[in-house]
Amino acid sequence: MAYYFGLLQTIGIHTLLGLSAYILLLTGQLSLAQVGFFAIGAYVSGILTVIFEYHIVPGLFAGALAGGFFAFLVGFPALRIKGLMLVVATIAFSEIVRLFFFNLNWRVMVNGVEVGPDSTQGFREIRFYAANGWDTLDVVLFIWLFVILIMAMLWWLDRVRAGATLRAVGADELAAQSSGVNIVAVKVAAMTFGGVIAGLAGGLYAHSATYVDHLTFSVLLATFAVAYPILGGLSSVFGTLIAVIFIQGVLIEGMRFLGDWRNIFFGLLIIVAMNFRPAGLLDGNVVAQILRIVGRGKGSDGERHA
Amino acid sequence: MTNLKRILKPAVAAAALSAMISPALAEETVHIAGWGAKSGPLRSFGVNSEAVLKAAVKEVNDSGGIMLADGTKAKLEYTYYDSACNAEQAISVARKVASESSALIGIGPTCSGAAAAMFGVFQKTVGDDTDTGLQFPILTDTAVRNGLAKISQWTFRNTPNEPDMYDKLFAWVAKTYPDLKTIYGGTETDQGHSNGTYSKVIVQASKRHGFDWATGDIEGVTGDLGSGSAEVLTSSSNWLMADTNFSVQARAFKKSNADIYVISSHPFTTCGMLKELKRRRAEPKLLIGLTSSSSAEVMKGCAEAAEGMIIPTSFAPITPAAEKVAMLANENGGDADLHSAAAWENVMIIKQVIESVGIDNTPESLMADRRKIRDGLEMLEQTQGLIGEVQRVQDEGEALKPYVFVQAMNGMWTVIHDPRATN
């Protein structure tokens with residue numbers, strides 16, 4: 001079962017990464033900085049558990065806070081720009097972060113072994129789970145505890161005034177501002193919360209993979225982060241999860257046997273999916289139908305999300 | 001109804017017969033797994049490794065298979081997976097093979113970065129019950145970056161020892177070309193192997209053997225491995241693996257007026273850099289390359305520009321066995337080079353180990369068999385390589401492979417020196 005549990009770990013971590021972009025997309029911001037926050041979370045939590053021998057929980061907490069702090073800082077200048085300019089600016093941020101870790105060399109002796117980030121050689125042996133007797137099921141449960149927690153928070157958020165405010169800003173910034181919504185606060189809050197989630201995901205990734213280097217945090221991963229919620233649909237928080245299962249479970253793992261053809265099918269299936277479901281795999285109509293089936297919908301959610 | 005009985009009777013009989021003989025047949029196959037990059041920019045590594053692996057498995061089976069503990073012979077069977085030179089995917093394949101297959105050992109992955117991550121999910125110390133890492137033996141063929149096998153006692157490598165290779169290379173260059181005094185170079189800084197070997201091994205080896213850095217001494221470089229590595233990078237003219245323009249770097253190389261140029265990168269950017277140097281008519285007296293570039297890709301991509309380049313390599317078709325592997329690799333759609341040829345040696349090592357430790361090869365004995373193979377690998381003191389005997393560094397899981405110096409001549413890698421001949 002280690003393989004399936006490992007796959008569940010990957011799906012959980014990528015779901016968190018996708019959700020960090022989801023909350024920003026709700027406010028109409030397309031950010032490729034999520035991978036930068038992900039990298040910050042990965043290195044901060046890895047350094048804390050490996051060099052300072054912290055338990056993973058405070059390590060993850062610190063990684064998430066660091067991701068949120070930098071997202072907060074990025075949030076303000078990002079207010080001045082939007083659309084494609086924001087995409088370019090956030091790519092630049094992610095590249096700065098990537099190159100920082102590319103040059104980071106902090107090697108110390110811990111219990112007679114030299115550990116820590118070694119610039120281009122990467123940061124090896126982030127082995128908290130295995131070294132502390134956690135088996136793959138324990139790790140899956142640990143990761144999914146955070147996934148469920150974050151998904152529940154976002155699901156709840158979508159059902160209270162704050163969520164309506166996020167969507168209002170995303171739908172029409174000017175109209176929202178005219179209605180008294182503080183655009184600055186909403187956008188920076190979304191960016192910060194997204195950074196916290198990405199930082200948390202990064203910390204979980206570093207400990208799951210046991211190794212990170214600058215190549216991990218490429219533009220490709222940043223693209224995946226925004227592709228998950230876009231492909232899954234912004235109508236529901238579950239869309240991101242479905243997209244991650246589709247990409248990581250079906251396209252990457254399920255088609256491994258295709259070798260080089262896998263990349264071609266990968267792109268092709270994404271195009272097909274987006275053509276047949278332009279509003280995402282889990283669009284407003286599907287959400288409304290599901291809610292009707294479970295007897296709660298009455299059509300209102302479908303109308304709201306459509 | 002009668003017709004139905006006529007059809008059913010043989011079918012039931014066949015099914016019963018099949019049920020009786022299938023366990024016996026299953027026990028006659030020893031399963032191993034391989035994985036590497038079969039997609040993405042480094043797919044040639046995986047394609048070449050699989051081509052050689054396929055040939056080696058056929059060779060074992062043609063010679064009767066592998067002897068099991070009870071004296072019976074089993075056929076060798078392999079499955080090859082694409083891990084795309086990606087850490088997550090390499091870990092996923094390792095978990096899949098270890099937990100969902102009957103493979104006794106794995107050969108892979110291709111890339112050092114993927115290996116560094118993958119080895120981390122294995123149990124660090126054998127027998128440590130508090131460590132829940134994977135317990136599955138790995139014998140890697142390709143990932144060359146220094147010291148990777150030390151990450152876990154379950155991981156072994158059959159890859160060349162670059163510090164030794166470049167030390168001997170510069171000693172030989174100093175003796176063979178006494179007029180050459182200065183050196184200059186660069187690397188693809190975003191690749192751990194190219195960068196690490198260049199900044200920690202090559203430049204220090206050149207210093208050790210009396211070569212001067214063309215633009216003035218590099219602070220901190222004493223000749224010891226790794227000394228002044230950060231300064232080495234800032235004193236060089238470097239590039240990235242995705243770069244396609246090398247004009248700035250080539251200009252710096254030419255301006256250095258060095259006798260020797262070192263280009264420490266994989267075949268793709270090595271060719272880009274070499275072509276730009278040629279275009280600028282930068283003509284060093286000697287070119288030295290990274291081990292990974294002693295491959296067919298360079299000859300296919302830039303043979304003319306690479307003319308004269310010298311590289312130490314652990315594979316060259318200089319023995320009948322090596323010639324045979326080179327030919328079989330071509331027949332299977334790949335090329336034998338220092339990376340992929342190791343897959344052949346690995347299969348032969350696995351056969352040797354399995355036959356020496358004796359395995360039962362039953363579903364019940366799978367974990368015990370894997371452990372026996374791991375222990376058998378650790379016990380090995382030397383193995384027979386394609387160009388000579390390979391010494392094993394037992395407590396580190398590493399290899400000391402024989403090597404030769406090859407030079408690009410008329411579109412081919414030609415052996416110009418065999419260090420063993422002078423020992």
# chains A, B, ... in the order shown; residues from 1 in each chain; ligands from 1

call {"tool": "interface_residues", "arguments": {"of": "chain A", "to": "chain B", "cutoff": "6 Å", "atoms": "only C-alpha atoms", "output": "mmCIF file with C-alpha atoms, in the first residue's frame"}}
result
data_model
loop_
_atom_site.group_PDB
_atom_site.id
_atom_site.type_symbol
_atom_site.label_atom_id
_atom_site.label_comp_id
_atom_site.auth_asym_id
_atom_site.auth_seq_id
_atom_site.Cartn_x
_atom_site.Cartn_y
_atom_site.Cartn_z
ATOM 1 C CA ALA A 2 3.011 2.327 0.334
ATOM 2 C CA TYR A 3 2.603 3.326 -3.304
ATOM 3 C CA THR A 120 22.834 23.715 -6.158
ATOM 4 C CA GLN A 121 23.449 20.313 -4.556
ATOM 5 C CA GLU A 125 17.783 14.127 4.219
ATOM 6 C CA ALA A 130 10.932 7.991 8.604
ATOM 7 C CA ALA A 131 13.418 8.899 11.322
ATOM 8 C CA GLY A 133 8.877 5.964 12.985
ATOM 9 C CA ASP A 135 4.804 4.985 8.367
ATOM 10 C CA ALA A 209 10.142 14.104 -0.626
ATOM 11 C CA THR A 210 13.029 14.315 1.894
ATOM 12 C CA TYR A 211 14.910 16.540 -0.575
ATOM 13 C CA GLY A 259 6.686 7.051 -21.747
ATOM 14 C CA ASP A 260 7.320 10.111 -23.893
#

call {"tool": "closest_residue", "arguments": {"among": "A:Phe142, A:Phe93, A:Phe76, A:Phe217", "to": "Phe38 of chain A", "atoms": "only C-alpha atoms"}}
result
A:Phe217

call {"tool": "residues_around", "arguments": {"residues": "Met151 of chain A", "least_positions_apart": "2", "cutoff": "10 Å", "atoms": "only C-alpha atoms", "output": "compact mmCIF listing (two decimals) with C-alpha atoms, in the first residue's frame"}}
result
# COMPACT_ATOMS: atom_id res chain seq x y z
CA THR A 15 -4.33 20.12 -3.45
CA LEU A 16 -3.04 22.53 -0.82
CA LEU A 19 -6.03 25.89 -2.94
CA LEU A 145 -5.66 16.47 8.29
CA PHE A 146 -4.36 19.77 6.95
CA VAL A 147 -6.05 19.30 3.57
CA ILE A 148 -9.43 18.70 5.20
CA LEU A 149 -8.90 21.57 7.61
CA MET A 153 -12.17 26.62 6.09
CA LEU A 154 -12.47 27.61 2.46
CA TRP A 155 -15.82 25.85 2.13
CA TRP A 156 -17.10 27.69 5.20
CA LEU A 157 -15.61 30.94 3.89
CA SER A 236 -16.40 24.89 -5.34
CA VAL A 237 -13.36 24.18 -3.28
CA PHE A 238 -13.69 20.53 -4.33
CA THR A 240 -9.26 21.88 -7.11
CA LEU A 241 -9.14 18.46 -5.46

call {"tool": "select_by_dssp", "arguments": {"residues": "segment 37-217 of chain A", "states": "strand (DSSP E or B)", "output": "PDB file with N, CA and C atoms, in the first residue's frame"}}
result
ATOM      1  N   ASN A 105      23.732  28.404   1.017  1.00  0.00           N
ATOM      2  CA  ASN A 105      24.604  27.344   1.509  1.00  0.00           C
ATOM      3  C   ASN A 105      24.717  27.494   3.014  1.00  0.00           C
ATOM      4  N   VAL A 108      25.715  22.689   8.500  1.00  0.00           N
ATOM      5  CA  VAL A 108      26.153  22.587   9.893  1.00  0.00           C
ATOM      6  C   VAL A 108      26.231  21.114  10.288  1.00  0.00           C
ATOM      7  N   MET A 109      27.022  20.855  11.298  1.00  0.00           N
ATOM      8  CA  MET A 109      27.148  19.488  11.800  1.00  0.00           C
ATOM      9  C   MET A 109      26.057  19.238  12.840  1.00  0.00           C
ATOM     10  N   VAL A 110      25.255  18.225  12.608  1.00  0.00           N
ATOM     11  CA  VAL A 110      24.233  17.829  13.576  1.00  0.00           C
ATOM     12  C   VAL A 110      24.412  16.333  13.840  1.00  0.00           C
ATOM     13  N   VAL A 113      26.823  14.566  11.570  1.00  0.00           N
ATOM     14  CA  VAL A 113      26.560  14.537  10.121  1.00  0.00           C
ATOM     15  C   VAL A 113      26.365  15.965   9.630  1.00  0.00           C
ATOM     16  N   GLU A 114      26.968  16.285   8.483  1.00  0.00           N
ATOM     17  CA  GLU A 114      26.813  17.624   7.916  1.00  0.00           C
ATOM     18  C   GLU A 114      25.480  17.701   7.184  1.00  0.00           C
ATOM     19  N   VAL A 115      24.641  18.615   7.601  1.00  0.00           N
ATOM     20  CA  VAL A 115      23.304  18.737   7.000  1.00  0.00           C
ATOM     21  C   VAL A 115      23.008  20.198   6.662  1.00  0.00           C
ATOM     22  N   ASP A 118      22.584  23.003   0.543  1.00  0.00           N
ATOM     23  CA  ASP A 118      23.914  23.017  -0.061  1.00  0.00           C
ATOM     24  C   ASP A 118      23.809  23.582  -1.478  1.00  0.00           C
ATOM     25  N   PHE A 123      19.029  20.288  -0.743  1.00  0.00           N
ATOM     26  CA  PHE A 123      18.881  20.122   0.708  1.00  0.00           C
ATOM     27  C   PHE A 123      18.379  18.691   0.918  1.00  0.00           C
ATOM     28  N   VAL A 212      14.858  18.839  -1.286  1.00  0.00           N
ATOM     29  CA  VAL A 212      14.403  19.941  -2.145  1.00  0.00           C
ATOM     30  C   VAL A 212      15.623  20.612  -2.757  1.00  0.00           C
TER      31      VAL A 212
END

call {"tool": "select_by_dssp", "arguments": {"residues": "segment 100-337 of chain B", "states": "helix (DSSP H, G or I)", "output": "ChimeraX atom specification"}}
result
/B:100,112-120,148-151,162-176,192-208,229-234,247-256,267-279,291-293,296-306,320-331

call {"tool": "residues_around", "arguments": {"residues": "Met273 of chain B", "least_positions_apart": "6", "cutoff": "9 Å", "atoms": "only C-alpha atoms", "output": "list of chain:residue names"}}
result
B:Thr244, B:Asn245, B:Phe246, B:Ser247, B:Gln249, B:Ala250, B:Ile263

call {"tool": "residues_around", "arguments": {"residues": "Gly147 of chain B", "least_positions_apart": "3", "cutoff": "9 Å", "atoms": "only C-alpha atoms", "output": "VMD selection string"}}
result
chain B and resid 144 150 to 151 396 398

call {"tool": "write_last_selection", "arguments": {"atoms": "C-alpha atoms", "output": "compact mmCIF listing (two decimals), in the first residue's frame"}}
result
# COMPACT_ATOMS: atom_id res chain seq x y z
CA VAL B 144 26.80 10.39 -10.82
CA LYS B 150 25.66 7.11 1.54
CA ILE B 151 22.12 8.41 2.08
CA GLU B 396 29.53 3.56 1.30
CA GLU B 398 29.94 3.19 -4.03

call {"tool": "closest_residue", "arguments": {"among": "A:Gly116, A:Thr136, A:Asp283, A:Ile40", "to": "Pro229 of chain A", "atoms": "only C-alpha atoms"}}
result
A:Asp283

call {"tool": "atom_distance", "arguments": {"atom1": "atom CA of Gly289 of chain B", "atom2": "atom CA of Ala306 of chain B"}}
result
9.5 Å

call {"tool": "residues_around", "arguments": {"residues": "segment 67-70 of chain A", "least_positions_apart": "3", "cutoff": "7 Å", "atoms": "only C-alpha atoms", "output": "NGL selection string"}}
result
:A and (37-38 or 40-41 or 63-64 or 73-74 or 192-193 or 195-196 or 198-199)

call {"tool": "residues_around", "arguments": {"residues": "segment 67-72 of chain B", "least_positions_apart": "3", "cutoff": "6 Å", "atoms": "only C-alpha atoms", "output": "PyMOL selection string"}}
result
chain B and resi 355+358-360

call {"tool": "closest_atom_pairs", "arguments": {"of": "segment 19-126 of chain B", "to": "segment 333-350 of chain B", "cutoff": "7 Å", "atoms": "only C-alpha atoms", "output": "tab-separated table"}}
result
residue	atom	partner	partner_atom	distance
B:Val47	CA	B:Gly334	CA	6.0
B:Asn48	CA	B:Gly334	CA	4.4
B:Ser49	CA	B:Ser340	CA	4.3
B:Ala51	CA	B:Gly334	CA	5.3
B:Val52	CA	B:Trp344	CA	5.9
B:Leu53	CA	B:Ala343	CA	5.5
B:Ala56	CA	B:Trp344	CA	5.2
B:Val57	CA	B:Val347	CA	6.9
